Each structure stands twice: as structure tokens, then as C-alpha cells.
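Asker: Sharing a structure here in C-alpha cells format.
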Amino acid sequence: FGYKPVRYHYVVNELLLPYVSRTALSPVQPGDYPRTRTYENRYGVLIHFKVSGSFGFFNPVYLLLMLTAALALTATASTATDLFFLYVSDQRDNFFHLKYEVSPDFSELWRCEKCGYFNSEKSDVCQGIPKFCCPRSTPICGHPKKKAEHDEEEDDDEEYGGGGKDDISEHPERDSNHPGQSSASAAASA
């Protein structure tokens with residue numbers, strides 16, 4: 001594809017001839033021609049040219065064949081390399097973690113109100129980083145985790161002394177410590 005300059009290749013062979021001559025009628029003849037004629041004997045070096053070669057033409061079928069073979073070989077090489085480093089190499093654990101990122105269960109994550117990033121329950125502030133930014137050089141979002149509604153109710157109960165029927169049914173772990181309950185009923189409920 002594209003322009004390529006024409007290149008020539010010369011092969012010189014010597015022919016073993018004692019001499020080279022050519023006899024022909026002279027272009028200028030005497031007045032009594034054809035009765036008398038003038039001939040020219042020419043001597044010199046004989047050079048014989050034999051031209052050969054080939055021209056390239058575009059063939060869409062051949063192009064498709066070459067592209068298919070190239071893609072198949074590229075995919076095979078990549079797959080063979082991955083299989084070797086995932087299952088045979090002594091660095092297979094490192095290679096696995098560099099190649100694949102195992103994601104957490106998204107149902108157990110909390111979502112940042114500021115950037116929408118899903119964070120682990122263990123994180124108190126958002127660990128979100130914008131797309132196409134390096135995690136090592138870009139600061140995290142840092143927005144604090146929003147307290148859940150039941151966490152806010154627990155804080156309210158602790159501030160105002162707690163107690164109440166709804167509080168006991170929502171938090172069974174507090175039933176044994178409820179001031180109005182006897183130890184027998186606490187043992188029976190346990």
C-alpha cells in the first residue's frame with residue numbers, strides 16, 4: 001500500500017563468443033541498385049537484456065486473509081502469555097492482582113452524597129477519586145459518611161435516656177437491660 005520507488009536488479013553474464021558482427025544493407029545504395037549493392041559489416045559488443053519482474057495489485061480477499069491471520073495470532077499470543085503467568089509462573093498471585101481487580105459486594109457499600117462513589121462500610125470518609133485520575137496523586141473526596149436513620153435514633157435515645165416500646169422491639173440486645181423487665185422474663189426471652 002502506498003508509493004514505493006521502482007528498484008532494478010542487474011545480473012551480468014558473459015557469453016563466450018569469438019566475435020560479434022552484423023551484416024546489413026547500407027541505407028545509401030549506388031545508382032545501379034539492385035544490380036550492385038553496398039553492405040555494412042558492423043562489429044561491436046553484444047548486450048542482451050532480459051526484463052522480468054512482477055507488479056503488485058490490490059486483492060481484497062488476500063487482505064482479509066492476512067488480517068484474519070494477524071488477529072488470530074495476536075489473540076493467541078496474548079492468551080498464551082496470560083495462561084502461563086496466571087497458572088504456571090511462580091509470580092501468578094502478583095500477576096492475577098495486577099490483571100484483575102476483584103470488586104466488593106456493592107450491596108454492602110455506602111454511597112457518598114457528594115461524588116456518588118460507593119465506599120466500604122469500614123470507611124468513615126469517602127475514598128472516591130474522579131475518573132481518569134491517578135489514585136496515587138489525586139486527593140480523595142473525603143466527604144464524611146452519612147449516619148443511617150437507625151444510628152441517628154440510637155444517638156437520640158442515648159441523649160434523652162432512651163426507653164419505650166419501639167426501642168425494645170427494634171433492639172433485642174437491649175431487652176435484658178431494660179429497667180422495667182424482670183430477670184425471669186429476660187431469661188425467658190433469651
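Ordered as shown in the C-alpha cells, chains take letters A, B, and onward, while each chain numbers its residues from 1 and ligands are numbered from 1 in the order shown.
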When you look at stretch 99-103 of chain A with a cut-off of 12 Å (counting only C-alpha atoms), what residues show up, excluding the ones that are within fewer than 3 positions of it in the same chain? I need them as a VMD selection string.
Answerer: chain A and resid 82 to 83 85 to 86 92 to 96 106 to 109 118 to 120
Asker: Quick one: everything within 12 Å of A:Arg42, counting only C-alpha atoms, minus sequence neighbours fewer than 5 positions away in the same chain. Send it as a list in words.
Answerer: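 With the cut-off at 12 Å, the set is Tyr19, Val20, Ser21, Arg22, Thr23, Ala24, Leu25 and Ser26 of chain A.
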Asker: Hey, can you spit out that residue selection with all heavy atoms as a PDB file, in the first residue's frame?
Answerer:
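Dumped everything to part-v4.pdb:
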```pdb
ATOM      1  N   TYR A  19      33.502 -13.455 -31.730  1.00  0.00           N
ATOM      2  CA  TYR A  19      33.320 -12.054 -32.108  1.00  0.00           C
ATOM      3  C   TYR A  19      31.825 -11.853 -32.362  1.00  0.00           C
ATOM      4  O   TYR A  19      31.059 -12.793 -32.567  1.00  0.00           O
ATOM      5  CB  TYR A  19      34.139 -11.666 -33.350  1.00  0.00           C
ATOM      6  CG  TYR A  19      33.739 -12.380 -34.613  1.00  0.00           C
ATOM      7  CD1 TYR A  19      32.825 -11.795 -35.485  1.00  0.00           C
ATOM      8  CD2 TYR A  19      34.286 -13.617 -34.929  1.00  0.00           C
ATOM      9  CE1 TYR A  19      32.444 -12.471 -36.626  1.00  0.00           C
ATOM     10  CE2 TYR A  19      33.920 -14.267 -36.068  1.00  0.00           C
ATOM     11  CZ  TYR A  19      32.987 -13.698 -36.919  1.00  0.00           C
ATOM     12  OH  TYR A  19      32.613 -14.357 -38.069  1.00  0.00           O
ATOM     13  N   VAL A  20      31.448 -10.612 -32.448  1.00  0.00           N
ATOM     14  CA  VAL A  20      30.052 -10.282 -32.709  1.00  0.00           C
ATOM     15  C   VAL A  20      30.047  -9.353 -33.913  1.00  0.00           C
ATOM     16  O   VAL A  20      30.760  -8.346 -33.942  1.00  0.00           O
ATOM     17  CB  VAL A  20      29.411  -9.578 -31.489  1.00  0.00           C
ATOM     18  CG1 VAL A  20      27.997  -9.155 -31.807  1.00  0.00           C
ATOM     19  CG2 VAL A  20      29.438 -10.470 -30.272  1.00  0.00           C
ATOM     20  N   SER A  21      29.281  -9.748 -34.921  1.00  0.00           N
ATOM     21  CA  SER A  21      29.168  -8.893 -36.107  1.00  0.00           C
ATOM     22  C   SER A  21      27.766  -8.988 -36.655  1.00  0.00           C
ATOM     23  O   SER A  21      27.034  -9.952 -36.403  1.00  0.00           O
ATOM     24  CB  SER A  21      30.170  -9.313 -37.176  1.00  0.00           C
ATOM     25  OG  SER A  21      29.830 -10.567 -37.691  1.00  0.00           O
ATOM     26  N   ARG A  22      27.446  -7.944 -37.444  1.00  0.00           N
ATOM     27  CA  ARG A  22      26.130  -7.918 -38.080  1.00  0.00           C
ATOM     28  C   ARG A  22      26.314  -7.320 -39.480  1.00  0.00           C
ATOM     29  O   ARG A  22      26.950  -6.283 -39.641  1.00  0.00           O
ATOM     30  CB  ARG A  22      25.188  -7.072 -37.250  1.00  0.00           C
ATOM     31  CG  ARG A  22      23.815  -7.021 -37.830  1.00  0.00           C
ATOM     32  CD  ARG A  22      22.875  -6.242 -36.925  1.00  0.00           C
ATOM     33  NE  ARG A  22      21.542  -6.211 -37.488  1.00  0.00           N
ATOM     34  CZ  ARG A  22      20.553  -5.527 -36.976  1.00  0.00           C
ATOM     35  NH1 ARG A  22      20.758  -4.829 -35.878  1.00  0.00           N
ATOM     36  NH2 ARG A  22      19.391  -5.547 -37.544  1.00  0.00           N
ATOM     37  N   THR A  23      25.766  -8.000 -40.443  1.00  0.00           N
ATOM     38  CA  THR A  23      25.861  -7.543 -41.826  1.00  0.00           C
ATOM     39  C   THR A  23      24.481  -7.081 -42.273  1.00  0.00           C
ATOM     40  O   THR A  23      23.499  -7.811 -42.115  1.00  0.00           O
ATOM     41  CB  THR A  23      26.367  -8.661 -42.749  1.00  0.00           C
ATOM     42  OG1 THR A  23      27.610  -9.139 -42.250  1.00  0.00           O
ATOM     43  CG2 THR A  23      26.535  -8.176 -44.165  1.00  0.00           C
ATOM     44  N   ALA A  24      24.431  -5.863 -42.844  1.00  0.00           N
ATOM     45  CA  ALA A  24      23.146  -5.324 -43.292  1.00  0.00           C
ATOM     46  C   ALA A  24      23.371  -4.460 -44.514  1.00  0.00           C
ATOM     47  O   ALA A  24      24.483  -3.985 -44.771  1.00  0.00           O
ATOM     48  CB  ALA A  24      22.510  -4.522 -42.172  1.00  0.00           C
ATOM     49  N   LEU A  25      22.312  -4.254 -45.308  1.00  0.00           N
ATOM     50  CA  LEU A  25      22.391  -3.354 -46.460  1.00  0.00           C
ATOM     51  C   LEU A  25      22.567  -1.934 -45.971  1.00  0.00           C
ATOM     52  O   LEU A  25      21.971  -1.514 -44.987  1.00  0.00           O
ATOM     53  CB  LEU A  25      21.105  -3.436 -47.282  1.00  0.00           C
ATOM     54  CG  LEU A  25      20.955  -4.649 -48.192  1.00  0.00           C
ATOM     55  CD1 LEU A  25      19.569  -4.671 -48.800  1.00  0.00           C
ATOM     56  CD2 LEU A  25      22.003  -4.646 -49.286  1.00  0.00           C
ATOM     57  N   SER A  26      23.407  -1.202 -46.696  1.00  0.00           N
ATOM     58  CA  SER A  26      23.656   0.190 -46.339  1.00  0.00           C
ATOM     59  C   SER A  26      22.427   1.017 -46.693  1.00  0.00           C
ATOM     60  O   SER A  26      21.740   0.732 -47.688  1.00  0.00           O
ATOM     61  CB  SER A  26      24.884   0.695 -47.094  1.00  0.00           C
ATOM     62  OG  SER A  26      25.049   2.066 -46.902  1.00  0.00           O
TER      63      SER A  26
END
```
Asker: Mind giving me the straight-line distance from atom CA of A:Asn41 to atom CA of A:Gln29 in Å, one decimal?
Answerer: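 Those two atoms sit 14.7 Å apart.
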Asker: What's the separation between atom CA of A:Asn13 and atom CA of A:Phe55, in Å to one decimal place?
Answerer: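 So the two atoms, atom CA of A:Asn13 and atom CA of A:Phe55, lie 25.1 Å apart.
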